[in-house]
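Trainee: Below is the file run.cif, which contains mmCIF, C-alpha atoms.
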data_input
#
loop_
_atom_site.label_atom_id
_atom_site.label_comp_id
_atom_site.auth_asym_id
_atom_site.auth_seq_id
_atom_site.Cartn_x
_atom_site.Cartn_y
_atom_site.Cartn_z
CA MET A 1 -180.00 -100.49 59.46
CA LYS A 2 -178.84 -97.37 57.69
CA VAL A 3 -182.40 -96.60 56.59
CA SER A 4 -183.74 -96.90 60.12
CA VAL A 5 -180.99 -94.52 61.44
CA ILE A 6 -181.85 -91.95 58.77
CA LYS A 7 -185.57 -92.27 59.59
CA LYS A 8 -184.83 -91.78 63.29
CA LEU A 9 -182.71 -88.70 62.51
CA ASN A 10 -185.46 -87.26 60.30
CA SER A 11 -188.09 -87.75 62.97
CA LYS A 12 -185.78 -86.05 65.58
CA SER A 13 -185.24 -83.08 63.27
CA ASP A 14 -189.01 -82.74 62.71
CA LYS A 15 -189.61 -82.77 66.48
CA SER A 16 -186.93 -80.13 67.01
CA ILE A 17 -188.50 -77.85 64.39
CA ALA A 18 -191.91 -78.32 65.95
CA SER A 19 -190.51 -77.52 69.39
CA SER A 20 -188.71 -74.40 68.15
CA ASN A 21 -191.93 -73.26 66.43
CA LYS A 22 -193.81 -73.64 69.71
CA LYS A 23 -191.12 -71.65 71.54
CA ALA A 24 -191.43 -68.80 69.05
CA PHE A 25 -195.16 -68.82 69.50
CA ILE A 26 -194.84 -68.61 73.29
CA PHE A 27 -192.30 -65.77 73.02
CA SER A 28 -194.60 -63.80 70.71
CA LEU A 29 -197.51 -64.33 73.05
CA GLU A 30 -195.41 -63.22 76.01
CA MET A 31 -194.25 -60.11 74.14
CA THR A 32 -197.82 -59.19 73.13
CA PHE A 33 -198.92 -59.66 76.72
CA ALA A 34 -196.04 -57.49 78.00
CA VAL A 35 -196.73 -54.74 75.46
CA PHE A 36 -200.42 -54.81 76.37
CA LEU A 37 -199.59 -54.61 80.09
CA VAL A 38 -197.13 -51.71 79.66
CA THR A 39 -199.54 -49.80 77.40
CA THR A 40 -202.37 -50.25 79.91
CA ILE A 41 -200.17 -49.04 82.79
CA LEU A 42 -199.03 -46.02 80.77
CA LEU A 43 -202.60 -45.15 79.76
CA VAL A 44 -203.87 -45.41 83.35
CA ALA A 45 -200.93 -43.34 84.63
CA SER A 46 -201.44 -40.63 82.01
CA TYR A 47 -205.19 -40.57 82.73
CA TYR A 48 -204.65 -40.02 86.46
CA SER A 49 -201.83 -37.55 85.90
CA SER A 50 -204.04 -35.49 83.54
CA LYS A 51 -206.83 -35.62 86.13
CA GLN A 52 -204.43 -34.36 88.78
CA THR A 53 -203.57 -31.29 86.72
CA ASP A 54 -207.10 -29.93 87.27
CA ASP A 55 -206.72 -26.97 89.57
CA PRO A 56 -208.96 -27.50 92.63
CA PHE A 57 -208.55 -23.85 93.63
CA ALA A 58 -210.60 -22.53 90.69
CA LYS A 59 -213.59 -24.68 91.74
CA LEU A 60 -213.22 -23.72 95.40
CA GLN A 61 -213.08 -20.04 94.48
CA VAL A 62 -216.26 -20.32 92.37
CA LEU A 63 -218.01 -22.15 95.21
CA ARG A 64 -217.05 -19.54 97.83
CA LEU A 65 -217.91 -16.62 95.55
CA GLY A 66 -221.33 -18.06 94.76
CA GLU A 67 -222.12 -18.54 98.46
CA ASP A 68 -220.84 -15.04 99.30
CA ILE A 69 -222.86 -13.31 96.59
CA ILE A 70 -226.12 -14.98 97.58
CA ALA A 71 -225.48 -14.35 101.30
CA VAL A 72 -224.67 -10.67 100.75
CA MET A 73 -227.71 -10.22 98.48
CA ASP A 74 -229.82 -11.85 101.18
CA TYR A 75 -228.41 -9.74 104.05
CA SER A 76 -228.84 -6.53 102.04
CA ASN A 77 -232.50 -7.58 101.43
CA THR A 78 -232.14 -7.48 97.65
CA LEU A 79 -233.39 -11.04 97.11
CA THR A 80 -236.50 -10.49 99.22
CA THR A 81 -237.57 -7.54 97.06
CA PHE A 82 -238.42 -10.29 94.53
CA ASN A 83 -237.60 -7.73 91.87
CA THR A 84 -235.65 -9.06 88.89
CA GLN A 85 -234.22 -5.65 88.00
CA ALA A 86 -232.90 -5.01 91.55
CA ILE A 87 -231.35 -8.50 91.62
CA HIS A 88 -229.70 -7.90 88.22
CA THR A 89 -228.29 -4.55 89.33
CA GLN A 90 -226.66 -5.91 92.49
CA LEU A 91 -225.49 -9.04 90.73
CA ASP A 92 -223.70 -6.93 88.10
CA GLN A 93 -222.05 -5.00 90.92
CA LEU A 94 -220.88 -8.07 92.85
CA LEU A 95 -219.99 -10.56 90.16
CA PRO A 96 -216.29 -10.54 89.18
CA VAL A 97 -215.78 -10.07 85.43
CA ASN A 98 -214.54 -13.58 84.74
CA TYR A 99 -217.58 -15.30 86.27
CA GLN A 100 -221.20 -15.70 85.28
CA MET A 101 -224.17 -16.54 87.45
CA LYS A 102 -227.80 -17.49 87.07
CA ILE A 103 -230.28 -17.09 89.91
CA THR A 104 -233.81 -18.48 90.15
CA ILE A 105 -236.24 -17.87 93.02
CA ASN A 106 -239.33 -19.95 93.57
CA GLY A 107 -241.63 -19.09 96.44
CA THR A 108 -244.84 -17.78 97.96
CA PHE A 109 -244.44 -14.18 96.79
CA SER A 110 -246.96 -12.59 94.42
CA GLU A 111 -244.46 -10.88 92.08
CA ASN A 112 -244.07 -12.64 88.70
CA GLY A 113 -246.36 -15.43 89.84
CA GLY A 114 -243.90 -16.61 92.49
CA TYR A 115 -241.05 -17.29 90.08
CA ILE A 116 -238.08 -15.14 89.16
CA GLU A 117 -235.01 -15.92 87.09
CA THR A 118 -232.10 -13.92 85.79
CA ASN A 119 -231.53 -14.05 82.07
CA GLN A 120 -228.26 -15.96 81.74
CA SER A 121 -228.53 -19.36 80.15
CA LEU A 122 -226.57 -22.28 81.55
CA PRO A 123 -223.56 -23.37 79.51
CA THR A 124 -223.25 -26.99 78.46
CA ASP A 125 -219.46 -27.09 78.22
CA ARG A 126 -218.38 -25.66 81.60
CA PHE A 127 -218.06 -26.81 85.17
CA ILE A 128 -221.05 -25.33 87.04
CA ILE A 129 -221.27 -24.80 90.78
CA ALA A 130 -224.85 -24.89 92.08
CA GLY A 131 -226.42 -24.22 95.46
CA ASN A 132 -229.62 -23.44 97.33
CA ARG A 133 -230.55 -20.90 99.95
CA ILE A 134 -233.89 -20.29 101.65
CA ILE A 135 -234.87 -16.65 102.04
CA VAL A 136 -237.63 -15.14 104.16
CA LYS A 137 -238.97 -11.60 103.89
CA SER A 138 -238.27 -9.54 107.04
CA ASP A 139 -241.99 -9.39 107.95
CA ALA A 140 -242.22 -13.16 107.33
CA SER A 141 -245.01 -12.57 104.81
CA SER A 142 -243.39 -14.67 102.10
CA PHE A 143 -240.41 -16.92 101.50
CA GLY A 144 -238.57 -18.38 98.58
CA VAL A 145 -235.98 -20.94 97.59
CA VAL A 146 -233.03 -19.42 95.77
CA LYS A 147 -231.15 -21.65 93.37
CA TYR A 148 -227.90 -20.33 92.01
CA TYR A 149 -225.54 -21.57 89.32
CA MET A 150 -222.09 -20.15 88.80
CA TRP A 151 -219.38 -20.83 86.25
CA LEU A 152 -216.21 -19.39 84.80
CA ARG A 153 -216.82 -17.22 81.74
CA MET B 1 -160.19 -77.72 57.74
CA PHE B 2 -163.17 -78.69 59.84
CA LYS B 3 -161.39 -77.35 62.97
CA ASN B 4 -160.71 -74.00 61.26
CA LYS B 5 -164.37 -73.64 60.29
CA SER B 6 -165.45 -74.42 63.82
CA LYS B 7 -163.08 -71.79 65.27
CA HIS B 8 -164.30 -69.20 62.78
CA HIS B 9 -167.90 -70.03 63.69
CA LYS B 10 -167.19 -69.72 67.47
CA TRP B 11 -165.37 -66.38 66.96
CA HIS B 12 -168.43 -65.04 65.14
CA LYS B 13 -170.70 -66.20 67.96
CA ALA B 14 -168.53 -64.45 70.56
CA GLN B 15 -168.58 -61.22 68.56
CA ILE B 16 -172.38 -61.32 68.34
CA ALA B 17 -172.65 -61.99 72.08
CA VAL B 18 -170.46 -58.94 72.90
CA THR B 19 -172.54 -56.66 70.61
CA ASP B 20 -175.64 -58.09 72.19
CA LEU B 21 -174.22 -57.33 75.64
CA PHE B 22 -173.41 -53.72 74.69
CA ILE B 23 -176.89 -53.17 73.29
CA ALA B 24 -178.40 -54.67 76.43
CA ILE B 25 -176.22 -52.46 78.68
CA PHE B 26 -177.15 -49.39 76.61
CA ILE B 27 -180.88 -50.16 76.83
CA PHE B 28 -180.59 -50.94 80.53
CA MET B 29 -178.72 -47.68 81.25
CA THR B 30 -181.22 -45.67 79.19
CA VAL B 31 -184.12 -47.21 81.09
CA ILE B 32 -182.44 -46.69 84.50
CA ILE B 33 -181.57 -43.05 83.69
CA SER B 34 -185.05 -42.28 82.39
CA ILE B 35 -186.62 -43.90 85.47
CA PHE B 36 -184.32 -41.83 87.72
CA VAL B 37 -185.08 -38.56 85.87
CA THR B 38 -188.84 -39.25 85.82
CA TRP B 39 -188.77 -40.17 89.52
CA ASN B 40 -187.04 -36.85 90.32
CA ILE B 41 -189.46 -34.83 88.20
CA TYR B 42 -192.50 -36.45 89.81
CA THR B 43 -191.07 -36.10 93.34
CA ASN B 44 -190.57 -32.36 92.74
CA ARG B 45 -194.03 -32.03 91.24
CA LEU B 46 -195.57 -33.89 94.17
CA GLU B 47 -193.80 -31.64 96.68
CA GLN B 48 -194.95 -28.53 94.80
CA ARG B 49 -198.48 -29.88 94.64
CA ILE B 50 -198.55 -30.65 98.38
CA ASP B 51 -197.25 -27.14 99.10
CA TYR B 52 -199.82 -25.61 96.76
CA SER B 53 -202.66 -27.64 98.31
CA ASN B 54 -201.56 -26.60 101.81
CA ILE B 55 -201.53 -22.94 100.83
CA ILE B 56 -204.96 -23.24 99.20
CA SER B 57 -206.53 -24.99 102.17
CA ASN B 58 -204.97 -22.49 104.60
CA ALA B 59 -206.13 -19.49 102.55
CA VAL B 60 -209.67 -20.84 102.18
CA GLN B 61 -209.99 -21.78 105.86
CA ILE B 62 -208.56 -18.49 107.13
CA SER B 63 -210.77 -16.43 104.82
CA ASP B 64 -213.78 -18.49 105.92
CA ILE B 65 -213.00 -17.89 109.60
CA LEU B 66 -212.37 -14.17 109.01
CA VAL B 67 -215.68 -13.50 107.24
CA LYS B 68 -218.01 -15.93 109.02
CA THR B 69 -217.04 -15.92 112.69
CA GLN B 70 -216.45 -13.42 115.47
CA GLY B 71 -213.24 -14.83 116.90
CA LYS B 72 -212.29 -15.97 120.37
CA PRO B 73 -213.06 -14.31 122.72
CA VAL B 74 -216.06 -12.85 120.89
CA ASN B 75 -215.06 -9.29 121.80
CA TRP B 76 -211.32 -9.77 121.34
CA GLU B 77 -211.05 -6.33 119.70
CA LEU B 78 -211.49 -4.71 123.12
CA ASN B 79 -208.20 -6.17 124.33
CA ASN B 80 -205.74 -7.25 121.64
CA THR B 81 -203.58 -9.21 124.06
CA THR B 82 -206.32 -11.73 124.90
CA VAL B 83 -207.03 -12.79 121.32
CA GLU B 84 -206.89 -16.53 120.70
CA ILE B 85 -208.64 -16.75 117.30
CA ILE B 86 -208.70 -13.79 114.96
CA ALA B 87 -211.96 -13.25 113.08
CA LEU B 88 -213.60 -10.12 111.75
CA ALA B 89 -217.33 -10.76 111.43
CA SER B 90 -220.03 -9.27 113.62
CA SER B 91 -222.40 -11.66 111.85
CA ASP B 92 -222.06 -13.97 108.84
CA ARG B 93 -220.17 -12.08 106.07
CA ASN B 94 -220.77 -8.77 107.78
CA LEU B 95 -217.41 -7.38 108.91
CA SER B 96 -217.16 -5.36 112.09
CA GLU B 97 -215.28 -2.09 111.60
CA ARG B 98 -213.97 -2.29 115.18
CA LYS B 99 -212.62 -5.79 114.67
CA VAL B 100 -211.00 -4.83 111.36
CA ASN B 101 -209.36 -1.79 112.96
CA ALA B 102 -208.11 -3.90 115.87
CA PHE B 103 -206.82 -6.53 113.42
CA ILE B 104 -204.61 -4.12 111.48
CA THR B 105 -202.96 -2.88 114.68
CA LEU B 106 -201.86 -6.40 115.64
CA ASP B 107 -198.20 -7.32 115.27
CA TYR B 108 -197.69 -9.07 111.89
CA ASN B 109 -195.72 -12.01 113.32
CA MET B 110 -198.15 -12.48 116.17
CA THR B 111 -200.99 -12.57 113.63
CA LYS B 112 -199.16 -15.25 111.64
CA ASP B 113 -198.68 -17.28 114.84
CA LEU B 114 -202.36 -16.98 115.73
CA MET B 115 -203.43 -17.99 112.23
CA ASN B 116 -200.93 -20.88 112.35
CA ILE B 117 -199.22 -19.84 109.11
CA LYS B 118 -195.65 -19.30 110.33
CA ARG B 119 -194.25 -20.80 107.12
CA TYR B 120 -196.12 -18.32 104.93
CA ASN B 121 -196.68 -14.59 104.59
CA PHE B 122 -199.97 -12.88 103.94
CA LYS B 123 -201.61 -9.72 102.71
CA PHE B 124 -205.09 -8.63 103.75
CA LYS B 125 -206.98 -6.06 101.72
CA LEU B 126 -210.47 -4.61 101.83
CA VAL B 127 -211.64 -2.87 98.68
CA ASN B 128 -214.95 -1.28 97.79
CA VAL B 129 -216.99 -2.20 94.71
CA ASN B 130 -215.01 0.31 92.62
CA ASN B 131 -211.82 -1.55 93.59
CA SER B 132 -210.47 1.34 95.71
CA ALA B 133 -208.53 0.05 98.69
CA LEU B 134 -210.18 0.71 102.05
CA ILE B 135 -207.75 -1.14 104.29
CA GLU B 136 -204.46 -2.94 103.70
CA TYR B 137 -202.44 -5.02 106.11
CA GLY B 138 -199.57 -7.48 105.73
CA GLN B 139 -196.82 -7.92 103.17
CA ASN B 140 -197.01 -7.85 99.38
CA SER B 141 -196.13 -11.11 97.68
CA THR B 142 -192.54 -11.68 96.60
CA GLY B 143 -192.77 -15.47 96.69
CA ASN B 144 -193.01 -18.23 94.12
CA THR B 145 -196.37 -19.59 95.21
CA THR B 146 -199.18 -17.16 95.88
CA ILE B 147 -202.86 -17.83 96.45
CA SER B 148 -205.25 -14.91 96.44
CA ILE B 149 -208.81 -15.50 97.51
CA ARG B 150 -211.57 -12.92 97.16
CA ARG B 151 -214.59 -12.89 99.46
CA ILE B 152 -217.63 -10.69 99.13
CA VAL B 153 -218.70 -9.08 102.39
CA LEU B 154 -220.66 -6.25 103.91
CA TYR B 155 -218.46 -3.60 105.50
CA GLY B 156 -219.94 -0.47 107.03
CA ASN B 157 -223.35 -1.31 105.51
CA ALA B 158 -221.88 -1.37 102.01
CA THR B 159 -220.72 -4.20 99.84
CA ALA B 160 -216.95 -4.72 99.79
CA PHE B 161 -214.42 -7.28 98.64
CA MET B 162 -212.01 -8.88 101.08
CA ASP B 163 -208.83 -10.12 99.40
CA PHE B 164 -206.69 -12.52 101.37
CA MET B 165 -203.37 -13.38 99.78
CA LEU B 166 -201.19 -16.16 101.17
CA TRP B 167 -197.73 -16.64 99.73
CA LYS B 168 -194.46 -18.51 100.20
#
Using structure tokens, write down the structure that the file contains.
Mentor:
Amino acid sequence: MKVSVIKKLNSKSDKSIASSNKKAFIFSLEMTFAVFLVTTILLVASYYSSKQTDDPFAKLQVLRLGEDIIAVMDYSNTLTTFNTQAIHTQLDQLLPVNYQMKITINGTFSENGGYIETNQSLPTDRFIIAGNRIIVKSDASSFGVVKYYMWLR
Amino acid sequence: MFKNKSKHHKWHKAQIAVTDLFIAIFIFMTVIISIFVTWNIYTNRLEQRIDYSNIISNAVQISDILVKTQGKPVNWELNNTTVEIIALASSDRNLSERKVNAFITLDYNMTKDLMNIKRYNFKFKLVNVNNSALIEYGQNSTGNTTISIRRIVLYGNATAFMDFMLWK
């Protein structure tokens, strides 16, 4: 009788230990899951918050300046001279000091075999604004497609 | 003896529970306070950002209208009192001297009303390529948030820069 009671008690104690071990395992799993969830939320939040700190005005300003420069060069007939030197001279005059710009013109003109480009090279580590404009010589004898690229120095 | 041990054991348990409670309250308060402070910081930042975005979009749109369109009516410069939309171009990015001269004679507050920027102040400036001022109109910035946008235009058959500054 006594032996059977002791055996029963032993088996109960074993079960209790096993159950408490399982509980600990579940708690650890829950904690790992919670930590993972919180870390993910924090990472996502910090990613979006860092993205939001990008100033949209700088990009807008570059975009507007690029459009303006090409339009003014077109209206003052500099682009349709298809002369690289004339384009460089006016570009130096118009371009604010903290910006850089590259212009290429491809068209039906005879100068330089129908292709002109200014001598800046495109950066690989900057945000570049690019655009197109079609230009036609005033006597409609030739036309070209202007591609421009602008970035902060 | 057994009773004494049991009491001692219970007293210990109670003491641990109280410490536990204090730690929990401390952590809870710290979390609540940090959430409250962070919430306030982000609300302020959001308001500033919305304000900043509004100023940017207003400045860009107004400068676009000024340099690209002729206004409404098209010849509003002939009679200042009939102006509905102020714009300065005779053609795209080519400013009309007559429109610019009519613009700078307009009442400052009336101009703000017409541009729909009652909450802000502005400064308009035309400078030549050597950065010498040709025309100035409006108020210099004394505000916390200022957006200055530069447009490149033709004015009197020469290249010029139009600076439009919007501030609050």
Trainee: Find the residues of chain B in contact range of chain A, meaning any atom within 7 Å when counting all atoms listed in the file, and list them as a list in words.
Mentor: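 Close enough to count are Ile56, Val129, Ile149, Arg151, Ile152, Val153 and Leu154 of chain B.
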Trainee: Specify as a short mmCIF file (atom, residue, chain, number, x, y, z; two decimals) with C-alpha atoms, in the coordinates of the input each residue included when the PyMOL selection byres ((chain B and resi 65-82) around 8) is applied to this file.
Mentor:
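result-v1.cif, written as the output of this step:
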data_model
loop_
_atom_site.label_atom_id
_atom_site.label_comp_id
_atom_site.auth_asym_id
_atom_site.auth_seq_id
_atom_site.Cartn_x
_atom_site.Cartn_y
_atom_site.Cartn_z
CA GLN B 61 -209.99 -21.78 105.86
CA ILE B 62 -208.56 -18.49 107.13
CA SER B 63 -210.77 -16.43 104.82
CA ASP B 64 -213.78 -18.49 105.92
CA VAL B 83 -207.03 -12.79 121.32
CA GLU B 84 -206.89 -16.53 120.70
CA ILE B 85 -208.64 -16.75 117.30
CA ILE B 86 -208.70 -13.79 114.96
CA ALA B 87 -211.96 -13.25 113.08
CA LEU B 88 -213.60 -10.12 111.75
CA ALA B 89 -217.33 -10.76 111.43
CA SER B 90 -220.03 -9.27 113.62
CA SER B 91 -222.40 -11.66 111.85
CA ASP B 92 -222.06 -13.97 108.84
CA ARG B 93 -220.17 -12.08 106.07
CA ASN B 94 -220.77 -8.77 107.78
CA LEU B 95 -217.41 -7.38 108.91
CA ARG B 98 -213.97 -2.29 115.18
CA LYS B 99 -212.62 -5.79 114.67
CA ALA B 102 -208.11 -3.90 115.87
CA PHE B 103 -206.82 -6.53 113.42
CA LEU B 106 -201.86 -6.40 115.64
CA ARG B 151 -214.59 -12.89 99.46
CA VAL B 153 -218.70 -9.08 102.39
#
Trainee: Applying the PyMOL selection byres ((chain B and resi 162-164) around 8) to the file I just gave you, which residues come out? Please list them as a list in words.
Mentor: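 Written out, the selection comes to Ala59, Ser63, Phe122, Lys123, Phe124, Lys125, Leu126, Val127, Ser148, Ile149, Arg150, Arg151, Ile152, Val153, Ala160, Phe161, Met165 and Leu166 of chain B.
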Trainee: For the selection you just gave me, I'd like the residues written to a file as a PDB file, keeping the file's coordinate frame, keeping C-alpha atoms.
Mentor:
ATOM      1  CA  ALA B  59    -206.130 -19.490 102.550  1.00  0.00           C
ATOM      2  CA  SER B  63    -210.770 -16.430 104.820  1.00  0.00           C
ATOM      3  CA  PHE B 122    -199.970 -12.880 103.940  1.00  0.00           C
ATOM      4  CA  LYS B 123    -201.610  -9.720 102.710  1.00  0.00           C
ATOM      5  CA  PHE B 124    -205.090  -8.630 103.750  1.00  0.00           C
ATOM      6  CA  LYS B 125    -206.980  -6.060 101.720  1.00  0.00           C
ATOM      7  CA  LEU B 126    -210.470  -4.610 101.830  1.00  0.00           C
ATOM      8  CA  VAL B 127    -211.640  -2.870  98.680  1.00  0.00           C
ATOM      9  CA  SER B 148    -205.250 -14.910  96.440  1.00  0.00           C
ATOM     10  CA  ILE B 149    -208.810 -15.500  97.510  1.00  0.00           C
ATOM     11  CA  ARG B 150    -211.570 -12.920  97.160  1.00  0.00           C
ATOM     12  CA  ARG B 151    -214.590 -12.890  99.460  1.00  0.00           C
ATOM     13  CA  ILE B 152    -217.630 -10.690  99.130  1.00  0.00           C
ATOM     14  CA  VAL B 153    -218.700  -9.080 102.390  1.00  0.00           C
ATOM     15  CA  ALA B 160    -216.950  -4.720  99.790  1.00  0.00           C
ATOM     16  CA  PHE B 161    -214.420  -7.280  98.640  1.00  0.00           C
ATOM     17  CA  MET B 165    -203.370 -13.380  99.780  1.00  0.00           C
ATOM     18  CA  LEU B 166    -201.190 -16.160 101.170  1.00  0.00           C
TER      19      LEU B 166
END
Trainee: Would you list the contacts of A:Ile128 as an mmCIF file with C-alpha atoms, in the frame of the given file, taking every protein, DNA or RNA residue within 10 Å and counting only C-alpha atoms, but skipping same-chain residues closer than 6 positions in sequence?
Mentor:
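Full text of selection_37.cif as output:
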data_model
loop_
_atom_site.group_PDB
_atom_site.id
_atom_site.type_symbol
_atom_site.label_atom_id
_atom_site.label_comp_id
_atom_site.auth_asym_id
_atom_site.auth_seq_id
_atom_site.Cartn_x
_atom_site.Cartn_y
_atom_site.Cartn_z
ATOM 1 C CA LYS A 59 -213.590 -24.680 91.740
ATOM 2 C CA VAL A 62 -216.260 -20.320 92.370
ATOM 3 C CA LEU A 63 -218.010 -22.150 95.210
ATOM 4 C CA GLN A 100 -221.200 -15.700 85.280
ATOM 5 C CA MET A 101 -224.170 -16.540 87.450
ATOM 6 C CA LEU A 122 -226.570 -22.280 81.550
ATOM 7 C CA TYR A 148 -227.900 -20.330 92.010
ATOM 8 C CA TYR A 149 -225.540 -21.570 89.320
ATOM 9 C CA MET A 150 -222.090 -20.150 88.800
ATOM 10 C CA TRP A 151 -219.380 -20.830 86.250
ATOM 11 C CA LEU A 152 -216.210 -19.390 84.800
#
Trainee: Would you list the contacts of B:Asp51 as a PyMOL selection string, taking every protein, DNA or RNA residue within 12 Å and counting only C-alpha atoms, but skipping same-chain residues closer than 5 positions in sequence?
Mentor: chain B and resi 44-46+56-58+119-120+144-147+166-168
Trainee: I'd like to know which of A:Thr80, A:Pro123, A:Arg153, A:Ser46 is closest to A:Tyr99, using only C-alpha atoms.
Mentor: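 Smallest separation from A:Tyr99 among the options: A:Arg153.
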Trainee: Find the distance between atom CA of A:Asp92 and atom CA of B:Asn130 and write it in Å to one decimal.
Mentor: 12.2 Å
Trainee: How many Å separate atom CA of A:Ser138 from atom CA of A:Thr81?
Mentor: 10.2 Å
Trainee: As an exercise, work out the distance from atom CA of B:Gly143 to atom CA of B:Asn121 in Å and give it to one decimal place.
Mentor: 8.9 Å
Trainee: Around (-245.7, -16.4, 97.3) in the file's own coordinates, what residues are found within 12 Å if you use only C-alpha atoms, given back as a VMD selection string?
Mentor: chain A and resid 80 82 105 to 116 135 to 137 140 to 145
